[in-house]
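Visitor: Provided below: query-v1.txt, containing compact mmCIF, C-alpha atoms and all ligand atoms.
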```
# COMPACT_ATOMS: atom_id res chain seq x y z
CA MET A 170 0.00 0.00 0.00
CA ALA A 171 1.26 3.48 -0.87
CA ASP A 172 2.35 5.76 1.91
CA VAL A 173 -0.41 7.85 3.40
CA ILE A 174 -0.64 11.62 3.00
CA PRO A 175 0.08 13.18 6.37
CA TYR A 176 -1.97 15.99 7.88
CA ASN A 177 -0.48 19.30 8.95
CA ARG A 178 0.83 19.40 12.46
CA GLU A 179 -0.58 21.31 15.39
CA GLU A 180 -0.27 25.09 15.02
CA LYS A 181 1.65 25.76 18.22
CA SER A 182 0.45 29.31 18.76
CA ALA A 183 -3.18 28.28 18.26
CA GLN A 184 -3.24 25.16 20.41
CA PRO A 185 -2.91 25.19 24.18
CA PRO A 186 -0.12 23.54 26.13
CA SER A 187 -1.10 20.59 28.33
CA LEU A 188 0.29 22.37 31.37
CA TYR A 189 -1.17 25.82 32.01
CA PRO A 190 -0.92 26.46 35.77
CA PRO A 191 -3.51 29.27 35.93
CA TYR A 192 -5.98 26.48 35.07
CA ASN A 193 -5.33 24.53 38.26
CA SER A 194 -6.49 21.10 37.20
CA THR A 195 -3.87 20.96 34.44
CA VAL A 196 -1.14 20.69 37.08
CA LEU A 197 -1.70 17.02 37.94
CA ARG A 198 -3.05 15.97 34.55
CA ALA A 199 -0.39 17.21 32.14
CA PRO A 200 2.31 14.71 31.14
CA LYS A 201 5.82 15.55 32.39
CA GLN A 202 7.68 13.35 29.92
CA PRO A 203 8.31 14.69 26.42
CA LEU A 204 5.73 13.67 23.82
CA VAL A 205 6.96 11.16 21.22
CA ILE A 206 6.62 12.54 17.70
CA LEU A 207 4.35 10.24 15.73
CA PRO A 208 4.51 10.01 11.94
CA HIS A 209 1.01 9.74 10.48
CA THR A 210 0.16 6.20 9.40
CA LEU A 211 -3.00 4.58 8.11
CA SER A 212 -4.13 4.38 11.75
CA GLU A 213 -4.11 8.17 12.08
CA VAL A 214 -5.43 9.27 8.66
CA THR A 215 -8.48 7.02 8.88
CA GLY A 216 -11.31 7.51 11.37
CA PRO A 217 -14.98 6.89 11.98
CA VAL A 218 -17.29 7.78 9.09
CA TYR A 219 -20.84 8.75 9.95
CA GLY A 220 -24.08 7.92 8.24
CA HIS A 221 -27.04 10.20 8.88
CA GLY A 222 -29.08 7.42 10.43
CA LYS A 223 -28.83 8.23 14.09
CA VAL A 224 -29.11 12.02 13.93
CA LEU A 225 -32.70 13.27 14.06
CA PRO A 226 -34.05 16.76 13.28
CA VAL A 227 -34.91 17.28 16.98
CA ASP A 228 -31.22 16.82 17.77
CA ALA A 229 -30.54 20.09 15.94
CA ASP A 230 -33.16 22.08 17.87
CA LEU A 231 -32.45 22.21 21.58
CA THR A 232 -35.57 24.31 22.14
CA LYS A 233 -37.86 21.49 20.98
CA GLN A 234 -36.74 18.60 23.14
CA HIS A 235 -39.41 19.04 25.84
CA ALA A 236 -43.11 19.82 26.10
CA GLY A 237 -42.58 23.55 26.56
CA GLU A 238 -40.16 26.23 25.37
CA PRO A 239 -37.01 26.78 27.42
CA LEU A 240 -36.41 30.16 29.05
CA GLY A 241 -33.77 32.42 27.58
CA GLU A 242 -32.74 34.19 24.45
CA ARG A 243 -33.43 31.97 21.42
CA ILE A 244 -30.45 31.78 19.03
CA ILE A 245 -29.48 30.07 15.80
CA VAL A 246 -25.87 28.97 15.63
CA SER A 247 -24.56 28.11 12.19
CA GLY A 248 -21.29 27.96 10.34
CA ARG A 249 -18.99 25.88 8.22
CA LEU A 250 -16.58 23.13 9.04
CA LEU A 251 -13.44 23.66 6.95
CA ASP A 252 -9.87 22.50 6.80
CA GLU A 253 -6.85 24.82 6.76
CA ASN A 254 -6.93 24.92 2.96
CA GLY A 255 -10.51 26.18 3.06
CA ARG A 256 -11.95 22.87 1.86
CA ALA A 257 -15.36 22.00 3.24
CA VAL A 258 -15.57 19.02 5.60
CA PRO A 259 -18.84 17.30 4.64
CA ASN A 260 -20.77 14.59 6.50
CA ALA A 261 -19.01 15.28 9.80
CA LEU A 262 -20.65 14.75 13.17
CA VAL A 263 -20.93 17.90 15.31
CA GLU A 264 -21.93 17.33 18.94
CA VAL A 265 -22.80 20.27 21.21
CA TRP A 266 -23.68 20.64 24.87
CA GLN A 267 -24.26 23.65 27.10
CA CYS A 268 -25.83 24.98 30.28
CA ASN A 269 -29.21 26.73 30.35
CA ALA A 270 -29.88 30.49 30.27
CA ALA A 271 -29.29 30.71 34.03
CA GLY A 272 -25.84 29.11 33.79
CA ARG A 273 -26.84 25.68 35.11
CA TYR A 274 -26.07 22.31 33.52
CA ILE A 275 -28.43 19.39 33.96
CA HIS A 276 -25.31 17.44 34.99
CA ALA A 277 -25.64 15.88 38.47
CA ARG A 278 -22.29 17.28 39.54
CA ASP A 279 -23.17 20.89 38.75
CA GLN A 280 -23.57 22.58 42.15
CA HIS A 281 -24.25 26.11 40.91
CA PRO A 282 -27.35 27.35 42.81
CA ALA A 283 -29.11 28.59 39.67
CA PRO A 284 -32.40 27.09 38.54
CA LEU A 285 -32.73 24.10 36.26
CA ASP A 286 -35.11 24.55 33.35
CA PRO A 287 -37.52 21.63 32.91
CA ASN A 288 -37.73 22.48 29.23
CA PHE A 289 -34.02 22.44 28.49
CA SER A 290 -31.49 19.60 28.46
CA GLY A 291 -28.75 21.28 26.46
CA ALA A 292 -27.35 18.55 24.20
CA GLY A 293 -27.57 18.36 20.41
CA ARG A 294 -26.04 16.73 17.34
CA VAL A 295 -25.92 17.69 13.70
CA VAL A 296 -24.11 16.40 10.62
CA THR A 297 -22.46 18.82 8.18
CA ASP A 298 -23.91 18.96 4.67
CA ALA A 299 -21.98 18.58 1.40
CA GLN A 300 -20.61 22.15 1.74
CA GLY A 301 -19.59 21.65 5.35
CA ASN A 302 -22.51 23.69 6.73
CA TYR A 303 -24.11 23.00 10.07
CA LYS A 304 -26.91 24.77 11.94
CA PHE A 305 -28.71 24.35 15.21
CA THR A 306 -31.22 26.26 17.31
CA THR A 307 -30.79 26.72 21.05
CA ILE A 308 -30.92 29.38 23.75
CA LYS A 309 -27.99 31.55 24.76
CA PRO A 310 -26.21 29.88 27.68
CA GLY A 311 -25.48 31.85 30.84
CA ALA A 312 -22.11 32.47 32.47
CA TYR A 313 -21.43 30.25 35.48
CA PRO A 314 -19.05 30.22 38.46
CA TRP A 315 -16.40 27.57 39.07
CA ARG A 316 -13.81 26.99 41.76
CA ASN A 317 -10.55 27.44 39.91
CA HIS A 318 -9.70 30.61 41.87
CA PRO A 319 -11.67 33.08 44.03
CA ASN A 320 -14.60 34.58 42.14
CA ALA A 321 -13.94 32.56 38.99
CA TRP A 322 -16.58 32.65 36.24
CA ARG A 323 -16.67 30.99 32.85
CA PRO A 324 -17.67 33.22 29.94
CA ALA A 325 -20.86 31.97 28.28
CA HIS A 326 -19.96 29.12 25.91
CA ILE A 327 -21.25 26.16 23.96
CA HIS A 328 -19.09 23.01 23.98
CA PHE A 329 -18.37 21.56 20.52
CA SER A 330 -17.05 18.10 19.62
CA LEU A 331 -16.06 17.50 15.99
CA PHE A 332 -15.03 14.59 13.83
CA GLY A 333 -13.21 15.34 10.60
CA PRO A 334 -12.09 13.04 7.81
CA SER A 335 -9.50 11.32 10.03
CA PHE A 336 -9.21 10.46 13.70
CA ILE A 337 -6.38 12.95 14.21
CA ASN A 338 -8.71 15.73 13.04
CA ARG A 339 -10.67 15.12 16.23
CA LEU A 340 -11.35 18.46 17.91
CA VAL A 341 -13.14 19.42 21.11
CA THR A 342 -13.51 23.16 21.60
CA GLN A 343 -15.83 25.83 22.99
CA MET A 344 -17.70 28.57 21.15
CA TYR A 345 -17.92 31.95 22.88
CA PHE A 346 -20.02 35.05 22.30
CA PRO A 347 -18.66 38.41 21.07
CA GLY A 348 -17.54 41.01 23.58
CA ASP A 349 -17.78 38.87 26.71
CA PRO A 350 -16.16 40.80 29.60
CA LEU A 351 -15.09 37.51 31.23
CA PHE A 352 -12.51 36.60 28.52
CA ALA A 353 -9.83 38.55 30.36
CA PHE A 354 -10.34 36.50 33.53
CA ASP A 355 -10.82 33.01 32.09
CA PRO A 356 -7.76 30.72 32.17
CA ILE A 357 -9.38 28.28 29.75
CA TYR A 358 -9.79 30.96 27.08
CA GLN A 359 -6.42 32.48 28.01
CA GLY A 360 -4.73 29.09 27.73
CA ILE A 361 -4.44 29.64 23.97
CA PRO A 362 -1.05 31.34 23.42
CA ASP A 363 -1.93 33.58 20.46
CA VAL A 364 -4.49 36.34 21.05
CA LYS A 365 -5.64 36.19 17.41
CA ALA A 366 -6.15 32.44 17.66
CA ARG A 367 -8.31 32.90 20.77
CA GLU A 368 -10.61 35.10 18.75
CA ARG A 369 -11.26 32.19 16.38
CA MET A 370 -13.32 30.66 19.19
CA VAL A 371 -15.57 33.70 19.39
CA SER A 372 -18.71 33.55 17.26
CA ARG A 373 -19.92 36.68 15.50
CA PHE A 374 -23.38 38.13 15.58
CA ASP A 375 -24.96 37.74 12.14
CA MET A 376 -27.99 39.74 11.07
CA ASP A 377 -28.39 37.65 7.91
CA SER A 378 -29.12 34.46 9.83
CA THR A 379 -31.25 36.29 12.39
CA ILE A 380 -34.91 35.40 11.95
CA PRO A 381 -37.25 38.38 12.44
CA GLU A 382 -39.38 38.19 15.57
CA TRP A 383 -37.90 34.77 16.38
CA ALA A 384 -34.18 34.28 17.02
CA LEU A 385 -30.76 35.99 16.84
CA GLY A 386 -28.14 34.48 14.53
CA TYR A 387 -24.54 33.72 15.45
CA LYS A 388 -21.90 32.42 13.01
CA PHE A 389 -19.10 30.11 14.05
CA ASP A 390 -16.79 28.58 11.45
CA ILE A 391 -14.47 25.83 12.61
CA VAL A 392 -11.13 25.01 11.00
CA LEU A 393 -9.60 21.55 11.32
CA ARG A 394 -6.11 20.55 10.27
CA GLY A 395 -5.68 20.13 6.54
CA ARG A 396 -3.08 18.60 4.27
CA ASP A 397 -1.38 19.67 1.12
CA ALA A 398 -2.94 17.07 -1.14
CA THR A 399 -6.02 14.93 -1.08
CA PRO A 400 -5.79 11.22 -1.84
CA MET A 401 -7.44 11.85 -5.23
CA GLU A 402 -4.93 14.54 -6.24
CA HIS A 403 -1.96 12.50 -5.11
CA MET B 94 1.45 24.83 -2.76
CA SER B 95 1.92 28.13 -1.02
CA LYS B 96 -1.68 29.14 -0.40
CA THR B 97 -2.36 30.99 2.81
CA ARG B 98 -3.74 28.62 5.34
CA LEU B 99 -6.73 29.37 7.49
CA GLY B 100 -5.82 29.29 11.17
CA GLN B 101 -6.73 26.20 13.16
CA THR B 102 -9.54 26.48 15.67
CA PRO B 103 -8.00 26.06 19.12
CA SER B 104 -8.77 23.07 21.33
CA GLN B 105 -10.53 23.62 24.67
CA THR B 106 -11.16 21.24 27.54
CA VAL B 107 -14.16 18.91 27.36
CA GLY B 108 -14.80 20.08 30.94
CA PRO B 109 -16.49 18.22 33.79
CA PHE B 110 -20.02 18.27 32.38
CA PHE B 111 -19.77 16.34 29.12
CA HIS B 112 -21.65 13.28 30.41
CA PHE B 113 -25.06 14.37 29.20
CA GLY B 114 -23.72 15.43 25.81
CA LEU B 115 -21.23 12.86 24.57
CA PRO B 116 -21.74 9.34 25.95
CA TYR B 117 -24.46 7.33 24.21
CA GLU B 118 -26.10 3.95 24.60
CA GLY B 119 -23.65 1.19 23.70
CA ASP B 120 -20.77 3.59 23.12
CA SER B 121 -18.13 1.33 24.67
CA ASN B 122 -19.31 -1.81 22.87
CA LEU B 123 -17.85 -1.82 19.36
CA ILE B 124 -19.39 -5.14 18.40
CA SER B 125 -22.67 -5.35 16.57
CA GLY B 126 -24.16 -8.67 15.53
CA ASP B 127 -21.73 -11.10 14.03
CA ALA B 128 -18.42 -9.23 14.06
CA GLN B 129 -15.51 -11.41 12.97
CA GLY B 130 -12.55 -12.12 15.20
CA GLN B 131 -11.64 -12.70 18.81
CA ARG B 132 -13.93 -10.86 21.22
CA ILE B 133 -11.99 -9.13 23.93
CA VAL B 134 -12.40 -6.68 26.78
CA VAL B 135 -9.90 -3.83 26.98
CA GLU B 136 -9.91 -2.04 30.28
CA GLY B 137 -7.78 0.08 32.54
CA LYS B 138 -7.65 2.70 35.21
CA VAL B 139 -6.75 6.33 34.61
CA THR B 140 -4.70 8.03 37.33
CA ASP B 141 -3.25 11.52 37.76
CA GLY B 142 0.05 12.91 39.01
CA ALA B 143 -0.97 12.29 42.62
CA GLY B 144 -1.75 8.66 41.84
CA GLU B 145 -5.46 9.33 42.30
CA PRO B 146 -8.07 7.76 40.02
CA VAL B 147 -9.49 10.15 37.45
CA PRO B 148 -13.27 9.71 37.40
CA ASP B 149 -14.14 12.35 34.82
CA VAL B 150 -12.21 11.70 31.63
CA MET B 151 -13.45 10.22 28.37
CA ILE B 152 -11.49 7.69 26.34
CA GLU B 153 -12.07 7.18 22.63
CA ILE B 154 -10.58 4.38 20.54
CA TRP B 155 -10.26 3.79 16.79
CA GLN B 156 -9.10 0.49 15.42
CA ALA B 157 -8.96 -1.87 12.46
CA ASN B 158 -11.18 -4.94 12.26
CA ALA B 159 -9.92 -8.48 12.86
CA ALA B 160 -8.57 -8.63 9.31
CA GLY B 161 -6.50 -5.48 9.80
CA LYS B 162 -8.76 -3.25 7.69
CA TYR B 163 -10.02 0.18 8.70
CA ASP B 164 -13.61 0.99 7.79
CA HIS B 165 -12.60 4.15 5.94
CA PRO B 166 -12.20 5.08 2.26
CA GLU B 167 -8.47 5.73 2.57
CA ASP B 168 -7.80 2.15 3.59
CA THR B 169 -7.41 0.68 0.09
CA GLN B 170 -6.04 -2.68 1.23
CA ASP B 171 -7.56 -5.72 -0.40
CA LYS B 172 -9.09 -6.94 2.87
CA PRO B 173 -12.74 -7.33 3.85
CA ILE B 174 -14.86 -4.66 5.57
CA ASP B 175 -16.82 -6.20 8.46
CA GLU B 176 -20.46 -5.08 8.54
CA GLY B 177 -20.61 -5.97 12.23
CA PHE B 178 -17.64 -3.87 13.22
CA HIS B 179 -16.84 -0.23 12.46
CA GLY B 180 -13.99 0.39 14.89
CA PHE B 181 -14.93 3.43 16.98
CA GLY B 182 -15.70 3.41 20.70
CA ARG B 183 -16.16 5.91 23.49
CA CYS B 184 -16.13 5.40 27.26
CA ALA B 185 -16.32 7.82 30.19
CA THR B 186 -14.36 6.64 33.22
CA ASP B 187 -16.38 5.59 36.28
CA LYS B 188 -15.97 6.72 39.91
CA GLU B 189 -12.85 4.56 40.24
CA GLY B 190 -11.30 5.94 37.06
CA ILE B 191 -12.00 2.70 35.15
CA PHE B 192 -12.75 2.47 31.43
CA ARG B 193 -13.82 -0.74 29.69
CA PHE B 194 -14.40 -1.53 26.00
CA HIS B 195 -15.93 -4.62 24.45
CA THR B 196 -14.32 -5.08 21.08
CA VAL B 197 -12.46 -7.51 18.82
CA LYS B 198 -8.73 -7.86 18.60
CA PRO B 199 -7.61 -5.85 15.57
CA GLY B 200 -5.38 -7.33 12.89
CA ALA B 201 -1.99 -5.91 11.96
CA VAL B 202 -2.08 -2.88 9.66
CA PRO B 203 0.46 -1.29 7.29
CA GLY B 204 2.92 1.26 8.64
CA GLN B 205 5.19 3.66 6.80
CA GLY B 206 7.03 2.29 3.79
CA ASN B 207 6.83 -1.48 3.74
CA SER B 208 6.53 -1.84 7.50
CA LEU B 209 3.77 -3.60 9.35
CA GLN B 210 2.27 -2.27 12.58
CA ALA B 211 1.38 -4.69 15.36
CA PRO B 212 -2.31 -4.76 16.34
CA HIS B 213 -3.19 -1.62 18.31
CA LEU B 214 -5.97 0.77 19.29
CA VAL B 215 -5.50 4.48 18.56
CA THR B 216 -6.52 6.09 21.85
CA PHE B 217 -7.50 9.63 22.83
CA VAL B 218 -7.96 10.90 26.39
CA PHE B 219 -10.18 13.96 26.93
CA GLY B 220 -10.82 15.53 30.31
CA ARG B 221 -11.30 18.37 32.69
CA GLY B 222 -7.87 19.86 33.30
CA MET B 223 -6.81 18.93 29.77
CA LEU B 224 -6.94 21.90 27.41
CA LYS B 225 -6.26 19.47 24.59
CA GLN B 226 -6.71 15.75 24.24
CA LEU B 227 -3.79 13.34 24.66
CA LEU B 228 -3.00 10.68 22.05
CA THR B 229 -1.68 7.26 22.99
CA ARG B 230 -1.97 3.67 21.72
CA ILE B 231 -2.94 0.37 23.27
CA TYR B 232 -0.95 -2.70 22.09
CA PHE B 233 -1.37 -6.31 23.24
CA GLU B 234 1.32 -8.23 25.11
CA ASP B 235 0.74 -11.53 23.31
CA GLU B 236 1.60 -10.17 19.86
CA ALA B 237 5.04 -11.27 18.71
CA HIS B 238 5.17 -8.47 16.15
CA ASN B 239 5.36 -5.84 18.92
CA ALA B 240 9.12 -6.36 18.81
CA ASN B 241 9.20 -5.03 15.23
CA ASP B 242 6.49 -2.40 15.47
CA PRO B 243 7.78 0.85 13.95
CA VAL B 244 5.91 3.11 16.39
CA LEU B 245 6.92 1.20 19.52
CA GLY B 246 10.42 1.43 18.04
CA LEU B 247 10.28 5.24 18.35
CA ILE B 248 9.86 4.98 22.11
CA PRO B 249 12.72 4.58 24.59
CA GLU B 250 12.71 0.92 25.60
CA ALA B 251 12.14 1.64 29.28
CA ARG B 252 8.81 3.34 28.48
CA ARG B 253 7.47 1.01 25.76
CA GLY B 254 5.68 -1.17 28.27
CA THR B 255 3.34 1.67 29.19
CA LEU B 256 1.55 1.11 25.85
CA ILE B 257 1.25 -2.65 26.12
CA ALA B 258 -1.91 -4.09 27.64
CA ARG B 259 -1.35 -7.16 29.84
CA LYS B 260 -3.48 -10.22 29.36
CA THR B 261 -5.26 -10.40 32.71
CA ASN B 262 -7.84 -13.02 31.77
CA SER B 263 -8.45 -15.32 28.81
CA ALA B 264 -10.09 -12.49 26.87
CA THR B 265 -9.30 -9.40 28.94
CA TYR B 266 -6.44 -7.00 28.36
CA THR B 267 -5.56 -4.31 30.88
CA MET B 268 -3.64 -1.11 30.25
CA ASN B 269 -3.70 1.62 32.85
CA ILE B 270 -3.27 5.21 31.73
CA VAL B 271 -1.00 7.26 33.95
CA LEU B 272 -1.39 10.90 33.00
CA GLN B 273 1.66 12.04 34.95
CA GLY B 274 4.47 10.81 37.18
CA GLU B 275 5.96 7.40 37.86
CA GLY B 276 5.10 4.98 35.07
CA GLU B 277 3.70 7.84 32.99
CA THR B 278 2.04 6.59 29.82
CA VAL B 279 3.71 7.56 26.56
CA PHE B 280 1.72 10.23 24.73
CA PHE B 281 2.34 11.30 21.17
CA GLU B 282 2.74 14.60 19.41
CA TYR B 283 0.83 14.20 16.20
FE FE C 1 -18.95 24.47 30.20
```
Once more with this new file: its structure as structure tokens, please.

Guide:
Amino acid sequence: MADVIPYNREEKSAQPPSLYPPYNSTVLRAPKQPLVILPHTLSEVTGPVYGHGKVLPVDADLTKQHAGEPLGERIIVSGRLLDENGRAVPNALVEVWQCNAAGRYIHARDQHPAPLDPNFSGAGRVVTDAQGNYKFTTIKPGAYPWRNHPNAWRPAHIHFSLFGPSFINRLVTQMYFPGDPLFAFDPIYQGIPDVKARERMVSRFDMDSTIPEWALGYKFDIVLRGRDATPMEH
Amino acid sequence: MSKTRLGQTPSQTVGPFFHFGLPYEGDSNLISGDAQGQRIVVEGKVTDGAGEPVPDVMIEIWQANAAGKYDHPEDTQDKPIDEGFHGFGRCATDKEGIFRFHTVKPGAVPGQGNSLQAPHLVTFVFGRGMLKQLLTRIYFEDEAHNANDPVLGLIPEARRGTLIARKTNSATYTMNIVLQGEGETVFFEY
């Protein structure tokens, strides 16, 4: 079998280190030994391929998963999944999860004394279309406190999990909202070395995808690692 | 090609609250119906730099089927796809930091050049306190080809054993994942 076409490596200024002491829990969870540099083999450039079978329309609308409407500001989050060369990543699974408008997760371990919303669970899944587009409807999540340091608060965010064309494209990230005053105090956001790269995690308000008298639109494009040739071009 | 690249989207931690968003029914059982090959359990405990179990990480594995074929278009080997086995699994650790997959033993797969890679599971660890996921591999101690595996060969000999699951029962293999400290698991830059 011919050699595989490797993917680009991690962009060091855009990706966080494992150890970032201002985020306390990295201190005992970051490896101390040097990482071993792995050439990409068939094991890395392959990965799970998704059919559309298990993803239902209701998975893309987090406001329709219960009998009533959840409280909060209804929003539509959409964007494109691309690689570094600007190629669309089609048929990719996008998983999202978030807290409710009051900043509370339905998770049993969330101790924040803010109310649960019986009409909001906060988890969704969508598959990108042939042009790499995805879209889901939800409510704007609230900020919430955590115990990393005194008076620590997370900026409002939606968690994203993405599968690209290979397993090493795997990306878990968080989408933020423009102009959040908590960015300056958040060690998770600040853990990204390059200020410009941090801003890639911030969605932008988009009037074009805003639906009159219904929901505000936010755009969030996501860029996975690419490679300089595709198998077909090779 | 010298096109300007788009910048990569940064990685962020999966956080402590992924359990209602990512795990799904049957996620750690890779076998459906009549998958070919030897059925095995792969399990282990995840511990941190204090030696404490880590109860809130998620492990994902990707592997070839029993014939050594990945269910993916870029695997062009003349080997059969197995309709009962697609090769992806996900498992959140329990209160004791334990993960457990029900799968089949993968076959050997091609490596760089004309090399052959010993059977292995590509393994990611995601967790709170991890701004990005860690990549490792799980090999099997009863595979003679481990001695010639090109990736194990990249690792200093004293640390190779951290990627080799021990056979702890007739069909159970155990590999603990030590995130930091004594016996630290080898993680890859990829
Ligand atoms: Fe969160």

Visitor: For CA of Ala236 (chain A) and CA of Ala271 (chain A), determine how far apart the two atoms are, in Å to one decimal place.

Guide: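 Answer for the CA of Ala236 (chain A) to CA of Ala271 (chain A) separation: 19.3 Å.
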
Visitor: Residues contacting ligand FE 1 (chain C) - anything with an atom at most 7 Å away, using only C-alpha atoms and all ligand atoms - can you give me those as a PyMOL selection string?

Guide: (chain A and resi 267-268+326-328) or (chain B and resi 108+110)

Visitor: For chain B, which residue among A:Phe336, A:Trp315, A:Phe305, A:Trp383 is the nearest when counting only C-alpha atoms?

Guide: A:Phe336

Visitor: Please find the residues of chain B near chain A - the criterion being any atom within 8 Å, counting all atoms listed in the file - and write them as a count of residues only.

Guide: 60

Visitor: Might you pull out every residue within 12 Å of Glu118 (chain B), with only C-alpha atoms counted and same-chain residues fewer than 6 positions away left off, and present them as a ChimeraX atom specification?

Guide: /A:223 /B:112,182-185

Visitor: Quick one: what's the axis-aligned box for region 212-221 of chain A, all listed atoms, 8 Å on every side, centre and edges in Å to one decimal, as AutoDock Vina command-line options?

Guide:
```
--center_x -15.6 --center_y 7.3 --center_z 10.2 --size_x 38.9 --size_y 21.8 --size_z 19.8
```

Visitor: Please compute the CA of Pro173 (chain B)-CA of Asn241 (chain B) distance, one decimal, in Å.

Guide: 24.8 Å

Visitor: To one decimal place in Å, what is the distance between CA of Ala128 (chain B) and CA of Ala159 (chain B)?

Guide: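 Calculated distance between CA of Ala128 (chain B) and CA of Ala159 (chain B) is 8.6 Å.
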
Visitor: I want to know what sits within 12 Å of region 133-138 of chain B, based on all atoms listed in the file, with residues of the same chain fewer than 6 positions away left out; could you give that as number ranges by chain?

Guide: B: 121-124, 144-152, 154, 159, 182, 184-199, 213-214, 216, 231-233, 255-272, 278

Visitor: Need to verify the contact set: region 174-177 of chain B, 6 Å, all atoms listed in the file, exclusion of same-chain residues closer than 2 positions in sequence. Can you return it as a PDB file with C-alpha atoms, keeping the file's coordinate frame?

Guide:
```
ATOM      1  CA  SER B 125     -22.670  -5.350  16.570  1.00  0.00           C
ATOM      2  CA  GLY B 126     -24.160  -8.670  15.530  1.00  0.00           C
ATOM      3  CA  ASP B 127     -21.730 -11.100  14.030  1.00  0.00           C
ATOM      4  CA  ALA B 128     -18.420  -9.230  14.060  1.00  0.00           C
TER       5      ALA B 128
END
```

Visitor: Out of B:Val218, B:Asp120, B:Pro212, B:Pro109, which residue has the shortest atom-to-atom distance to Asn158 (chain B) when counting all atoms listed in the file?

Guide: B:Pro212

Visitor: Pull the closest atom pair for each residue of region 334-389 of chain A that gets at most 8 Å from region 237-246 of chain A, along with the distance in Å to one decimal, counting all atoms listed in the file, ordering rows by chain and then ascending residue number, as a tab-separated table.

Guide:
```
residue	atom	partner	partner_atom	distance
A:Ser378	CA	A:Ile245	CA	7.4
A:Thr379	CA	A:Ile245	CA	7.3
A:Trp383	CA	A:Arg243	CA	7.3
A:Ala384	CA	A:Ile244	CA	4.9
A:Leu385	CA	A:Ile244	CA	4.8
A:Gly386	CA	A:Ile245	CA	4.8
A:Tyr387	CA	A:Val246	CA	4.9
A:Lys388	CA	A:Val246	CA	5.9
A:Phe389	CA	A:Val246	CA	7.0
```

Visitor: Which residue, B:Gln210, B:Gly200, B:Thr140, B:Pro243, has the smallest gap to Lys162 (chain B) when you use all atoms listed in the file?

Guide: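 Answer, going by the shortest atom-to-atom distance: B:Gly200.
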